[in-house]
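First the structure, in the form of structure tokens, and then the observations on it.
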Amino acid sequence: MVRFGDDSLLDSYLTQDETSVIDALIVQYQSRPGALMPLLHAIQDQVGFVPESSYPAISKALALSVAEVYGVVTFYHHFRTHRPGRHVLHVCRAESCQAMGSEALEAHAKKCLGVDYHQTTADGAVTLEPVYCLGNCALSPSVMIDEAVHGRVTPADLDALIAEAKAS
Amino acid sequence: MTKVYVPRDSSALSVGADKVAIAIATEAKNRGLSVEVIRNGSRGLFWLETMVEVVTDRGRIAYGPVKPSDVPALFDAGFLSGQSHALCLGVTEELAWLNRQQRLTFARVGITDPVSLDDYLSHDGYRGLKNALQLTGAEIVKAVTDSGLRGRGGAAFPTGIKWNTVLGCQSDQKYIVCNADEGDSGTYSDRMIMEGDPFVLIEGMTIAGVAVGATQGYIYLRSEYPDALVTLSQAIDVAVKAGYLGDDILSSGKAFHLEVRRAAGAYVCGEETSLLESLEGKRGLVRFKPPLPAIEGLFGKPTVVNNVISLASVPIILDKGAQFYADYGMGRSRGTLPIQLAGNIKHGGLVELAFGATLRELLYDFGGGSASGRPIRAVQVGGPLGSYLPESQFDTPLDYEAFTTIWAVLGHGGIVAFDDTVDMAKMARYAFEFCAIESCGKCTPCRIGSTRGVEVVDKIIATKETLEHSKSIKLVRDLSDTMLNGSLCALGGMTPYPVLSALNHFGEDFGLVAESGAS
């Protein structure tokens with residue numbers, strides 16, 4: 001990967017392969033009704049985020065303005081505009097988890113990782129995100145690492161999950 | 001061959017169900033025993049997950065909560081023939097927690113293999129659709145109307161009336177949209193249906209399509225539910241291959257196609273018009289009503305938008321008749337409500353009951369009190385936009401109108417318990433904060449009011465026992481009034497429910513001494 005002085009550029013730099021993947025996905029999805037959301041999901045699934053450099057091609061294929069694509073990407077919490085860490089840790093902040101001590105768990109996660117929400121650890125291993133309900137409310141508090149939900153999570157459990165993520 | 005059930009429900013997975021399933025299969029192989037591990041939905045007794053069931057002559061015997069490390073000892077104890085062990089719970093059907101329930105919508109959840117069509121068919125599946133295909137659209141709509149089914153997403157609008165509007169519209173294209181953007185904290189019944197019995201949702205949507213003349217359905221599924229996406233997609237593939245979806249459903253000449261679309265983490269997209277905008281590929285901005293989505297909905301066409309539970313309740317109505325369903329419940333709340341016990345609760349899980357049970361029964365008879373062992377001080381019913389109820393209101397029956405009377409909502413049936421360590425001023429602040437994070441920004445009371453609300457509650461907390469304090473209390477009431485009456489949708493319009501109920505019932509947490517405890 002080419003290194004730039006500017007972090008934000010580094011975060012959104014695409015490899016040639018990634019650019020090809022995005023181009024192929026645009027062709028695959030463009031004729032569906034309401035294609036933008038499925039397309040953005042597909043791009044994020046494959047590339048890890050929805051880079052701003054892809055907006056012109058998306059907008060052209062879907063007959064939208066770049067501003068409209070930008071508006072949609074940034075409206076939804078799920079879509080990321082920058083490359084995440086190798087793993088994404090979502091900590092639930094909703095009421096059910098609060099009733100079971102999620103505030104302490106949030107603080108613990110931030111302290112262990114040394115980052116705030118929407119940030120990635122210096123080693124590039126973990127991006128921390130808040131989430132408002134994982135639907136695991138009978139087993140609060142919950143976190144989700146990548147796509148795996150964990151229930152009744154203690155700070156010690158979280159330490160183990162983070163250690164596992166950092167090692168892989 | 002012994003059949004062993006290990007749930008694939010994501011809550012069960014969150015406490016290690018996959019590892020338990022692997023441990024059982026491995027242990028059986030090592031011992032040379034013939035075991036078939038079937039991945040079912042969850043029975044909804046989440047504090048007992050991973051709950052493993054073994055099929056025996058006496059019926060299914062449950063063991064739980066099972067950890068992977070328990071598996072060798074279970075084999076040693078002879079659990080494959082239902083022998084006793086410290087984790088043995090007895091015959092599943094006889095568990096008091098389950099046999100006191102009235103499971104209509106959840107009749108099969110936890111019992112069948114969710115992606116086995118044969119299993120679905122042998123447990124009364126698709127009988128509703130077969131009946132519906134013999135009826136006219138108007139007759140199907142009448143059955144749904146007569147059943148008394150009201151929208152289970154929270155708004156409680158009569159489902160049959162909505163369908164009738166769509167039926168009455170002339171259009172070259174109509175849509176059935178399932179709202180599976182289950183964002184309310186404390187709710188997970190939609191997820192359990194989609195992961196535990198997806199065919200019942202597919203059948204319900206197909207019946208809706210046949211009834212109103214819609215040939216395309218979309219399930220708008222929240223992105224936080226990756227396991228539900230997998231299960232639903234598998235079930236849809238199976239249904240298409242078997243002719244239950246497609247251009248000619250069961251050779252009836254009627255078409256119905258179904259596609260899952262992923263949401264992207266915006267709470268407001270659970271509001272139906274915002275959901276439709278999102279499905280069209282736009283920002284999830286709430287639309288003005290009218291026009292109603294039933295007349296001008298998705299892509300401007302007549303559209304039924306219903307919650308997962310509403311649609312999943314339709315098959316049994318068409319199978320057993322409107323009266324069968326309407327015989328459950330009280331007052332104008334007919335049928336059953338899948339209630340979800342959550343938060344600080346000892347026995348959290350899914351309880352489907354006819355309307356009319358009290359909160360107290362749910363919290364103590366089913367829930368067993370708080371998980372922490374401390375007194376339950378407050379309960380939030382109906383998600384982040386629902387009121388906080390104090391102990392003095394725990395005898396309220398779960399009924400839409402009874403809840404309206406005490407300025408509360410049943411919503412999607414989620415009950416979140418808090419023990420006496422909760423700070424209700426903080427919860428009121430959080431309600432505003434959540435609204436600020438999730439507001440679509442279209443209307444001012446919600447967009448600006450939520451942020452001002454956070455600031456005012458902060459001021460209330462910081463200025464206790466000063467003149468500024470009483471001014472701030474008045475201000476938060478004024479602000480709530482503006483949001484209640486001036487917001488475009490329920491997000492801004494109902495955020496005052498948790499805020500004012502917290503203030504009214506738990507005034508002491510806001511530094512109000514005299515009025516504390518008054519309702």
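Each chain in the structure tokens gets a letter, A, B, ..., in the order shown, and its residues are numbered from 1; ligands are numbered from 1 in order too.
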Would you write out, as a tab-separated table, a table of all residues in chain A that have an atom no more than 9 Å from an atom of chain B, listing for each the closest atom pair and the distance in Å to one decimal, considering only C-alpha atoms and ordering rows by chain and rising residue number?
```
residue	atom	partner	partner_atom	distance
A:Pro33	CA	B:Glu280	CA	7.2
A:Gly34	CA	B:Glu280	CA	4.2
A:Ala35	CA	B:Gly281	CA	6.2
A:Leu36	CA	B:Gly281	CA	4.8
A:Met37	CA	B:Gly281	CA	5.2
A:Pro38	CA	B:Arg261	CA	7.0
A:His41	CA	B:Arg262	CA	7.8
A:Glu68	CA	B:Lys282	CA	7.9
A:Val69	CA	B:Lys282	CA	8.5
A:Gly71	CA	B:Arg283	CA	6.7
A:Val72	CA	B:Arg283	CA	4.9
A:Val73	CA	B:Arg283	CA	8.3
A:Thr74	CA	B:Arg283	CA	8.7
A:Phe75	CA	B:Arg283	CA	6.0
A:Tyr76	CA	B:Ala264	CA	5.6
A:His77	CA	B:Gly265	CA	5.2
A:His78	CA	B:Ala264	CA	4.9
A:Phe79	CA	B:Ala264	CA	6.9
A:Ala94	CA	B:Ser185	CA	5.8
A:Glu95	CA	B:Ser185	CA	6.0
A:Ser96	CA	B:Gly343	CA	4.1
A:Cys97	CA	B:Gly343	CA	6.2
A:Gln98	CA	B:Gly343	CA	7.7
A:Ala99	CA	B:Gly343	CA	5.3
A:Met100	CA	B:Asn344	CA	5.7
A:Val131	CA	B:Gly265	CA	8.2
A:Tyr132	CA	B:Ser185	CA	7.3
A:Cys133	CA	B:Ser185	CA	5.4
A:Leu134	CA	B:Glu224	CA	5.9
A:Gly135	CA	B:Tyr188	CA	4.8
A:Asn136	CA	B:Ser11	CA	5.5
A:Cys137	CA	B:Ala342	CA	5.1
A:Ala138	CA	B:Ala342	CA	4.5
A:Leu139	CA	B:Phe46	CA	7.0
A:Ser140	CA	B:Gly343	CA	6.3
A:Pro141	CA	B:Gly343	CA	8.2
A:Ser142	CA	B:Ser14	CA	8.4
A:Met144	CA	B:Ser14	CA	8.9
A:Glu147	CA	B:Pro226	CA	6.6
A:Ala148	CA	B:Ser14	CA	7.2
A:Val149	CA	B:Ser14	CA	5.0
A:His150	CA	B:Ser14	CA	4.1
A:Gly151	CA	B:Ser14	CA	5.0
A:Arg152	CA	B:Val15	CA	7.7
```
### Message
Excluding stretch 122-126 of chain A and its own-chain neighbours fewer than 3 positions away, which residues fall within 7 Å of it when counting only C-alpha atoms? Please give them as a list in words.
### Response
Gly85, Arg86, His87, Val88, Leu89, Ala165 and Lys166 of chain A
How about saving the chosen residues, N, CA and C atoms kept, as a PDB file, in the first residue's frame?
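Output file selection.pdb follows:
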```pdb
ATOM      1  N   GLY A  85     -10.500  -0.958  11.260  1.00  0.00           N
ATOM      2  CA  GLY A  85      -9.470  -1.903  11.683  1.00  0.00           C
ATOM      3  C   GLY A  85      -9.797  -3.309  11.194  1.00  0.00           C
ATOM      4  N   ARG A  86      -8.952  -4.262  11.504  1.00  0.00           N
ATOM      5  CA  ARG A  86      -9.187  -5.638  11.047  1.00  0.00           C
ATOM      6  C   ARG A  86     -10.468  -6.203  11.657  1.00  0.00           C
ATOM      7  N   HIS A  87     -10.821  -5.711  12.827  1.00  0.00           N
ATOM      8  CA  HIS A  87     -12.065  -6.145  13.471  1.00  0.00           C
ATOM      9  C   HIS A  87     -12.839  -4.910  13.931  1.00  0.00           C
ATOM     10  N   VAL A  88     -14.169  -5.051  13.956  1.00  0.00           N
ATOM     11  CA  VAL A  88     -14.997  -3.951  14.446  1.00  0.00           C
ATOM     12  C   VAL A  88     -15.736  -4.435  15.691  1.00  0.00           C
ATOM     13  N   LEU A  89     -15.554  -3.702  16.780  1.00  0.00           N
ATOM     14  CA  LEU A  89     -16.222  -4.047  18.038  1.00  0.00           C
ATOM     15  C   LEU A  89     -17.368  -3.060  18.271  1.00  0.00           C
ATOM     16  N   ALA A 165      -8.950 -10.635  19.136  1.00  0.00           N
ATOM     17  CA  ALA A 165      -9.011  -9.804  17.929  1.00  0.00           C
ATOM     18  C   ALA A 165      -7.631  -9.251  17.581  1.00  0.00           C
ATOM     19  N   LYS A 166      -6.916  -8.840  18.591  1.00  0.00           N
ATOM     20  CA  LYS A 166      -5.598  -8.252  18.334  1.00  0.00           C
ATOM     21  C   LYS A 166      -4.630  -9.297  17.788  1.00  0.00           C
TER      22      LYS A 166
END
```
### Query
When DSSP works through the backbone of this structure, what residues of stretch 249-396 of chain B end up as helix (DSSP H, G or I), shown as a ChimeraX atom specification?
/B:249-251,267-270,272-279,298-300,308-312,314-320,322-326,359-366,383-385,391-393
### Message
Rounded to one decimal, what separation in Å do you get between atom CA of B:Leu484 and atom CA of B:Leu500?
### Response
10.8 Å
### Task
Would you list the contacts of stretch 19-26 of chain A as a count of residues only, taking every protein, DNA or RNA residue within 8 Å and counting only C-alpha atoms, but skipping same-chain residues closer than 2 positions in sequence?
15
#### Entry: Nearest candidate to B:Leu133 (options B:Val20, B:Leu410, B:Ala354, B:Val210; using only C-alpha atoms)
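When distances to B:Leu133 are compared using only C-alpha atoms, the smallest one comes from B:Val210.
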### Task
Might you pull out every residue within 8 Å of A:Gln119, with only C-alpha atoms counted and same-chain residues fewer than 3 positions away left off, and present them as a ChimeraX atom specification?
/A:115-116,127-129
### Query
Residues at most 6 Å from B:Gly386, counting only C-alpha atoms, excluding those fewer than 2 positions away in the same chain, as a list in words?
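Contacts, in chain order: Val381, Gly382, Gly383, Pro384, Val409, Tyr497 and Pro498 of chain B.
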What would the file look like if the residues just selected were written as a PDB file, in the first residue's frame with N, CA and C atoms?
```pdb
ATOM      1  N   VAL B 381     -41.511   0.115  29.138  1.00  0.00           N
ATOM      2  CA  VAL B 381     -42.255  -0.763  28.245  1.00  0.00           C
ATOM      3  C   VAL B 381     -42.366  -0.090  26.884  1.00  0.00           C
ATOM      4  N   GLY B 382     -42.111  -0.866  25.825  1.00  0.00           N
ATOM      5  CA  GLY B 382     -42.346  -0.354  24.473  1.00  0.00           C
ATOM      6  C   GLY B 382     -41.166   0.347  23.852  1.00  0.00           C
ATOM      7  N   GLY B 383     -39.965   0.053  24.284  1.00  0.00           N
ATOM      8  CA  GLY B 383     -38.785   0.588  23.610  1.00  0.00           C
ATOM      9  C   GLY B 383     -38.365   1.953  24.102  1.00  0.00           C
ATOM     10  N   PRO B 384     -37.392   2.563  23.413  1.00  0.00           N
ATOM     11  CA  PRO B 384     -36.817   3.826  23.879  1.00  0.00           C
ATOM     12  C   PRO B 384     -37.790   4.999  23.863  1.00  0.00           C
ATOM     13  N   VAL B 409     -47.157   3.231  26.597  1.00  0.00           N
ATOM     14  CA  VAL B 409     -47.444   2.459  25.392  1.00  0.00           C
ATOM     15  C   VAL B 409     -46.939   1.027  25.552  1.00  0.00           C
ATOM     16  N   TYR B 497     -42.224  10.779  26.224  1.00  0.00           N
ATOM     17  CA  TYR B 497     -42.790   9.722  27.091  1.00  0.00           C
ATOM     18  C   TYR B 497     -41.772   9.243  28.139  1.00  0.00           C
ATOM     19  N   PRO B 498     -40.603   8.751  27.717  1.00  0.00           N
ATOM     20  CA  PRO B 498     -39.635   8.373  28.753  1.00  0.00           C
ATOM     21  C   PRO B 498     -39.195   9.564  29.610  1.00  0.00           C
TER      22      PRO B 498
END
```
